[in-house]
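Engineer: Sharing a structure below in structure tokens format, with a few things to ask.
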Amino acid sequence: MDQVLQTAVGAEESGLDHVFASGHAVAGDLVGVTPDPLVLLAAIAGATRRIGLVTSILVLPLYNTLVLAHQTATLDRLSGGRFTLGVGTGWDAEEFAAVGVPFAGRGHRMDEQLATVRQLWRGEGSPRLGVLPRTEGGPPVWIGGQSDAALRRALRFGDAWHGSGVDAEALTGVRARLDVLGGEADRDPGTLELTAGLFLVPPGFSPAVKVPGRALGGEDATAESVRDELGRLSDAGLVSASLWLPVATEALPDALAWVGEELVPRFP
């Protein structure tokens, strides 16, 4: 937390496309320290000039729909249109209980929320937001989850699907499933971009916490193996990779520098 703004500036200087913040209201063994994502990204917006700001992932059913639409519209306007709303249904029943929100039925509620947020961002209906987004029609929306329900949700409401820890084979499977479901949603699935959060321990670095999924480039990754896998993911249709670097805080600037030197110049 104490170095988060310096980290964001370092990411921008390294040529990275965006920074992301997850969103959990309570502490937990699996999620660690998770500051409020919208407050964090607002602070980063003021400390940076170019880099994108993404929630990955904000648990939408935990939020009041009107308040969230207003908060995200404000962040998009103040950041100059740099904000992307990445959302998911959440998985932690204890977190829902702590917030006082029902865990059951969260998928259906999220569908309703997404429709309402889109309408509010466009300034349609009543009530109207106190401020509209800078991005016409509202910020991009990335929707997480690999179930058919999540994929249908992405086709109905999303600009992109947002996966986690996928390899090229899994991504190809997601695209194939979207092709099947696209007819139900009356949408060309090719218009839905594919994005993913990926876990990266750069060569020469050690993870500070247990990596919660398959590491990019495999065990004992090299620059070549990481670039090779990113290339396969790109060939499979991935347009954006969010790299989570589970290294110690003091090692993060060097890990970001490695990414800027070894990965960023190799990809458009």
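Ligands are numbered from 1 in the order shown, residues from 1 within each chain, and chains are lettered A, B, ... in the order they appear in the structure tokens.
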Per DSSP on the backbone, what are the helix (DSSP H, G or I) residues of stretch 115-194 of chain A, as a ChimeraX atom specification?
Structural biologist: /A:115-121,148-157,168-185,189-191
Engineer: Give me the residues near A:Gly213 as a list in words, where near means some atom within 10 Å (using only C-alpha atoms) and where sequence neighbours in that chain fewer than 3 positions away do not count.
Structural biologist: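 These residues fall inside the cut-off: Ser164, Gly165, Val166, Leu198, Phe199, Leu200, Lys210 and Leu216 of chain A.
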Engineer: If you count only C-alpha atoms, which residues fall within 7 Å of A:Thr84, apart from same-chain ones fewer than 3 positions away, as a list in words?
Structural biologist: Leu53, Val54, Thr55, Pro139, Pro140 and Val141 of chain A
Engineer: How about saving the chosen residues, N, CA, C and O atoms kept, as a PDB file, in the first residue's frame?
Structural biologist:
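Below you can see again00.pdb, which holds the result:
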ATOM      1  N   LEU A  53      -6.960   2.048 -16.264  1.00  0.00           N
ATOM      2  CA  LEU A  53      -7.346   1.709 -14.891  1.00  0.00           C
ATOM      3  C   LEU A  53      -8.458   0.670 -14.958  1.00  0.00           C
ATOM      4  O   LEU A  53      -9.526   0.932 -15.508  1.00  0.00           O
ATOM      5  N   VAL A  54      -8.225  -0.510 -14.404  1.00  0.00           N
ATOM      6  CA  VAL A  54      -9.147  -1.635 -14.560  1.00  0.00           C
ATOM      7  C   VAL A  54      -9.468  -2.236 -13.198  1.00  0.00           C
ATOM      8  O   VAL A  54      -8.570  -2.434 -12.371  1.00  0.00           O
ATOM      9  N   THR A  55     -10.736  -2.570 -12.967  1.00  0.00           N
ATOM     10  CA  THR A  55     -11.074  -3.408 -11.818  1.00  0.00           C
ATOM     11  C   THR A  55     -11.049  -4.858 -12.281  1.00  0.00           C
ATOM     12  O   THR A  55     -11.700  -5.225 -13.243  1.00  0.00           O
ATOM     13  N   PRO A 139     -17.798   3.387 -19.772  1.00  0.00           N
ATOM     14  CA  PRO A 139     -16.518   2.690 -19.887  1.00  0.00           C
ATOM     15  C   PRO A 139     -16.701   1.271 -20.431  1.00  0.00           C
ATOM     16  O   PRO A 139     -17.795   0.691 -20.345  1.00  0.00           O
ATOM     17  N   PRO A 140     -15.632   0.691 -20.976  1.00  0.00           N
ATOM     18  CA  PRO A 140     -15.701  -0.726 -21.356  1.00  0.00           C
ATOM     19  C   PRO A 140     -16.002  -1.596 -20.139  1.00  0.00           C
ATOM     20  O   PRO A 140     -15.634  -1.255 -19.008  1.00  0.00           O
ATOM     21  N   VAL A 141     -16.671  -2.711 -20.390  1.00  0.00           N
ATOM     22  CA  VAL A 141     -17.009  -3.653 -19.320  1.00  0.00           C
ATOM     23  C   VAL A 141     -16.397  -5.012 -19.661  1.00  0.00           C
ATOM     24  O   VAL A 141     -16.647  -5.562 -20.736  1.00  0.00           O
TER      25      VAL A 141
END
Engineer: Using DSSP on the backbone, list every residue of stretch 8-54 of chain A that comes out as strand (DSSP E or B), and give them as a PDB file with all heavy atoms, in the first residue's frame.
Structural biologist:
ATOM      1  N   HIS A  18      -2.152  -1.119 -18.736  1.00  0.00           N
ATOM      2  CA  HIS A  18      -3.083  -0.787 -17.657  1.00  0.00           C
ATOM      3  C   HIS A  18      -2.579  -1.347 -16.335  1.00  0.00           C
ATOM      4  O   HIS A  18      -1.718  -2.223 -16.306  1.00  0.00           O
ATOM      5  CB  HIS A  18      -4.494  -1.331 -17.950  1.00  0.00           C
ATOM      6  CG  HIS A  18      -4.568  -2.837 -18.027  1.00  0.00           C
ATOM      7  ND1 HIS A  18      -4.422  -3.524 -19.200  1.00  0.00           N
ATOM      8  CD2 HIS A  18      -4.781  -3.769 -17.071  1.00  0.00           C
ATOM      9  CE1 HIS A  18      -4.544  -4.827 -18.971  1.00  0.00           C
ATOM     10  NE2 HIS A  18      -4.748  -5.009 -17.680  1.00  0.00           N
ATOM     11  N   VAL A  19      -3.119  -0.804 -15.260  1.00  0.00           N
ATOM     12  CA  VAL A  19      -2.978  -1.398 -13.936  1.00  0.00           C
ATOM     13  C   VAL A  19      -4.359  -1.869 -13.500  1.00  0.00           C
ATOM     14  O   VAL A  19      -5.380  -1.336 -13.935  1.00  0.00           O
ATOM     15  CB  VAL A  19      -2.413  -0.402 -12.895  1.00  0.00           C
ATOM     16  CG1 VAL A  19      -0.968  -0.053 -13.224  1.00  0.00           C
ATOM     17  CG2 VAL A  19      -3.254   0.865 -12.823  1.00  0.00           C
ATOM     18  N   PHE A  20      -4.371  -2.887 -12.647  1.00  0.00           N
ATOM     19  CA  PHE A  20      -5.676  -3.396 -12.220  1.00  0.00           C
ATOM     20  C   PHE A  20      -5.720  -3.542 -10.708  1.00  0.00           C
ATOM     21  O   PHE A  20      -4.691  -3.708 -10.051  1.00  0.00           O
ATOM     22  CB  PHE A  20      -6.015  -4.723 -12.919  1.00  0.00           C
ATOM     23  CG  PHE A  20      -5.135  -5.887 -12.553  1.00  0.00           C
ATOM     24  CD1 PHE A  20      -5.488  -6.750 -11.526  1.00  0.00           C
ATOM     25  CD2 PHE A  20      -3.960  -6.141 -13.250  1.00  0.00           C
ATOM     26  CE1 PHE A  20      -4.687  -7.828 -11.194  1.00  0.00           C
ATOM     27  CE2 PHE A  20      -3.153  -7.230 -12.924  1.00  0.00           C
ATOM     28  CZ  PHE A  20      -3.515  -8.072 -11.896  1.00  0.00           C
ATOM     29  N   ALA A  21      -6.930  -3.478 -10.175  1.00  0.00           N
ATOM     30  CA  ALA A  21      -7.152  -3.620  -8.741  1.00  0.00           C
ATOM     31  C   ALA A  21      -8.329  -4.555  -8.521  1.00  0.00           C
ATOM     32  O   ALA A  21      -9.382  -4.393  -9.142  1.00  0.00           O
ATOM     33  CB  ALA A  21      -7.447  -2.258  -8.099  1.00  0.00           C
ATOM     34  N   SER A  22      -8.124  -5.554  -7.657  1.00  0.00           N
ATOM     35  CA  SER A  22      -9.238  -6.438  -7.317  1.00  0.00           C
ATOM     36  C   SER A  22     -10.069  -5.797  -6.225  1.00  0.00           C
ATOM     37  O   SER A  22      -9.690  -4.772  -5.659  1.00  0.00           O
ATOM     38  CB  SER A  22      -8.710  -7.802  -6.867  1.00  0.00           C
ATOM     39  OG  SER A  22      -7.997  -7.676  -5.657  1.00  0.00           O
ATOM     40  N   GLY A  23     -11.202  -6.395  -5.927  1.00  0.00           N
ATOM     41  CA  GLY A  23     -12.084  -5.768  -4.954  1.00  0.00           C
ATOM     42  C   GLY A  23     -12.717  -6.755  -3.998  1.00  0.00           C
ATOM     43  O   GLY A  23     -13.616  -7.499  -4.364  1.00  0.00           O
ATOM     44  N   GLY A  52      -4.098   2.825 -18.372  1.00  0.00           N
ATOM     45  CA  GLY A  52      -5.488   2.473 -18.124  1.00  0.00           C
ATOM     46  C   GLY A  52      -5.708   1.991 -16.700  1.00  0.00           C
ATOM     47  O   GLY A  52      -4.778   1.557 -16.007  1.00  0.00           O
ATOM     48  N   LEU A  53      -6.960   2.048 -16.264  1.00  0.00           N
ATOM     49  CA  LEU A  53      -7.346   1.709 -14.891  1.00  0.00           C
ATOM     50  C   LEU A  53      -8.458   0.670 -14.958  1.00  0.00           C
ATOM     51  O   LEU A  53      -9.526   0.932 -15.508  1.00  0.00           O
ATOM     52  CB  LEU A  53      -7.842   2.955 -14.155  1.00  0.00           C
ATOM     53  CG  LEU A  53      -6.981   4.219 -14.302  1.00  0.00           C
ATOM     54  CD1 LEU A  53      -7.761   5.447 -13.864  1.00  0.00           C
ATOM     55  CD2 LEU A  53      -5.694   4.079 -13.503  1.00  0.00           C
ATOM     56  N   VAL A  54      -8.225  -0.510 -14.404  1.00  0.00           N
ATOM     57  CA  VAL A  54      -9.147  -1.635 -14.560  1.00  0.00           C
ATOM     58  C   VAL A  54      -9.468  -2.236 -13.198  1.00  0.00           C
ATOM     59  O   VAL A  54      -8.570  -2.434 -12.371  1.00  0.00           O
ATOM     60  CB  VAL A  54      -8.539  -2.735 -15.457  1.00  0.00           C
ATOM     61  CG1 VAL A  54      -9.530  -3.878 -15.665  1.00  0.00           C
ATOM     62  CG2 VAL A  54      -8.104  -2.163 -16.805  1.00  0.00           C
TER      63      VAL A  54
END
Engineer: Find the residues around A:Leu155 up to 7 Å (only C-alpha atoms counted), leave out those fewer than 4 positions away in its own chain, and share them as a CSV table (one decimal) with N, CA and C atoms, in the first residue's frame.
Structural biologist:
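Saved file result-v5.csv follows:
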chain,number,residue,atom,x,y,z
A,151,LEU,N,-20.5,-16.7,-19.6
A,151,LEU,CA,-20.3,-16.4,-21.0
A,151,LEU,C,-21.5,-15.8,-21.7
A,182,GLY,N,-23.4,-17.6,-28.9
A,182,GLY,CA,-23.7,-16.3,-29.6
A,182,GLY,C,-25.0,-16.2,-30.2
A,185,ALA,N,-27.7,-15.3,-27.7
A,185,ALA,CA,-27.6,-13.9,-27.3
A,185,ALA,C,-27.8,-12.9,-28.4
A,187,ARG,N,-25.9,-12.1,-30.9
A,187,ARG,CA,-24.7,-11.3,-31.0
A,187,ARG,C,-23.6,-12.1,-31.7
A,189,PRO,N,-20.3,-13.4,-31.8
A,189,PRO,CA,-19.3,-13.6,-30.7
A,189,PRO,C,-17.9,-13.1,-31.1
A,192,LEU,N,-16.8,-9.9,-29.3
A,192,LEU,CA,-16.5,-9.9,-27.9
A,192,LEU,C,-15.0,-10.2,-27.7
Engineer: A:Asp76, A:Glu219, A:Asp148, A:Glu95: which is nearest A:Leu62, counting only C-alpha atoms?
Structural biologist: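 Among A:Asp76, A:Glu219, A:Asp148, A:Glu95, it is A:Glu95 that comes nearest to A:Leu62.
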Engineer: Set the distance at 12 Å and use only C-alpha atoms: which residues neighbour A:Tyr63 once local chain neighbours fewer than 5 positions away are removed? I'd like the list as a ChimeraX atom specification.
Structural biologist: /A:23-25,38,58,68-72,87-90,96,99-102,106,109-110,113-114,117
Engineer: Quick one: residues within 7 Å of A:Trp121, only C-alpha atoms, excluding same-chain residues fewer than 5 positions away - as an mmCIF file with N, CA, C and O atoms, in the first residue's frame?
Structural biologist:
data_model
loop_
_atom_site.group_PDB
_atom_site.id
_atom_site.type_symbol
_atom_site.label_atom_id
_atom_site.label_comp_id
_atom_site.auth_asym_id
_atom_site.auth_seq_id
_atom_site.Cartn_x
_atom_site.Cartn_y
_atom_site.Cartn_z
ATOM 1 N N ALA A 69 -22.711 3.046 -10.371
ATOM 2 C CA ALA A 69 -22.741 3.722 -11.669
ATOM 3 C C ALA A 69 -22.213 5.144 -11.544
ATOM 4 O O ALA A 69 -21.481 5.638 -12.417
ATOM 5 N N ALA A 73 -18.716 6.388 -13.238
ATOM 6 C CA ALA A 73 -18.820 7.500 -14.182
ATOM 7 C C ALA A 73 -17.893 8.634 -13.766
ATOM 8 O O ALA A 73 -17.224 9.252 -14.606
ATOM 9 N N LEU A 132 -22.047 12.144 -15.900
ATOM 10 C CA LEU A 132 -21.964 11.074 -16.889
ATOM 11 C C LEU A 132 -20.500 10.768 -17.197
ATOM 12 O O LEU A 132 -19.629 11.623 -17.035
ATOM 13 N N PRO A 133 -20.215 9.560 -17.654
ATOM 14 C CA PRO A 133 -18.832 9.214 -17.985
ATOM 15 C C PRO A 133 -18.291 10.075 -19.120
ATOM 16 O O PRO A 133 -19.054 10.608 -19.929
ATOM 17 N N GLY A 137 -21.297 6.473 -23.881
ATOM 18 C CA GLY A 137 -21.971 5.211 -23.606
ATOM 19 C C GLY A 137 -21.468 4.490 -22.375
ATOM 20 O O GLY A 137 -22.042 3.492 -21.949
ATOM 21 N N GLY A 138 -20.394 4.984 -21.799
ATOM 22 C CA GLY A 138 -19.847 4.391 -20.586
ATOM 23 C C GLY A 138 -18.554 3.647 -20.830
ATOM 24 O O GLY A 138 -18.205 3.305 -21.961
#
Engineer: Near stretch 204-209 of chain A, within 9 Å and counting only C-alpha atoms, which residues show up once chain neighbours fewer than 6 positions away are dropped, as a VMD selection string?
Structural biologist: chain A and resid 220 222 245 to 249 251 255
Engineer: Check the smallest atom-to-atom distance from each of A:Val9, A:Ala257, A:Ala97, A:Leu171 to A:Ala47 using only C-alpha atoms, then report the winner.
Structural biologist: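 Comparing A:Val9, A:Ala257, A:Ala97, A:Leu171 against A:Ala47, the winner is A:Val9.
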Engineer: One decimal, Å: what's the distance from atom CA of A:Met1 over to atom CA of A:Leu75, could you say?
Structural biologist: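 Pair atom CA of A:Met1 / atom CA of A:Leu75 returns 20.0 Å.
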Engineer: Work out how far atom CA of A:Ala154 is from atom CA of A:Gly105, in Å to one decimal.
Structural biologist: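 A separation of 17.5 Å between them.
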Engineer: Report, in Å with one decimal, the straight-line distance from atom CA of A:Ala93 to atom CA of A:Pro35.
Structural biologist: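 Straight-line distance from atom CA of A:Ala93 to atom CA of A:Pro35 works out to 19.2 Å.
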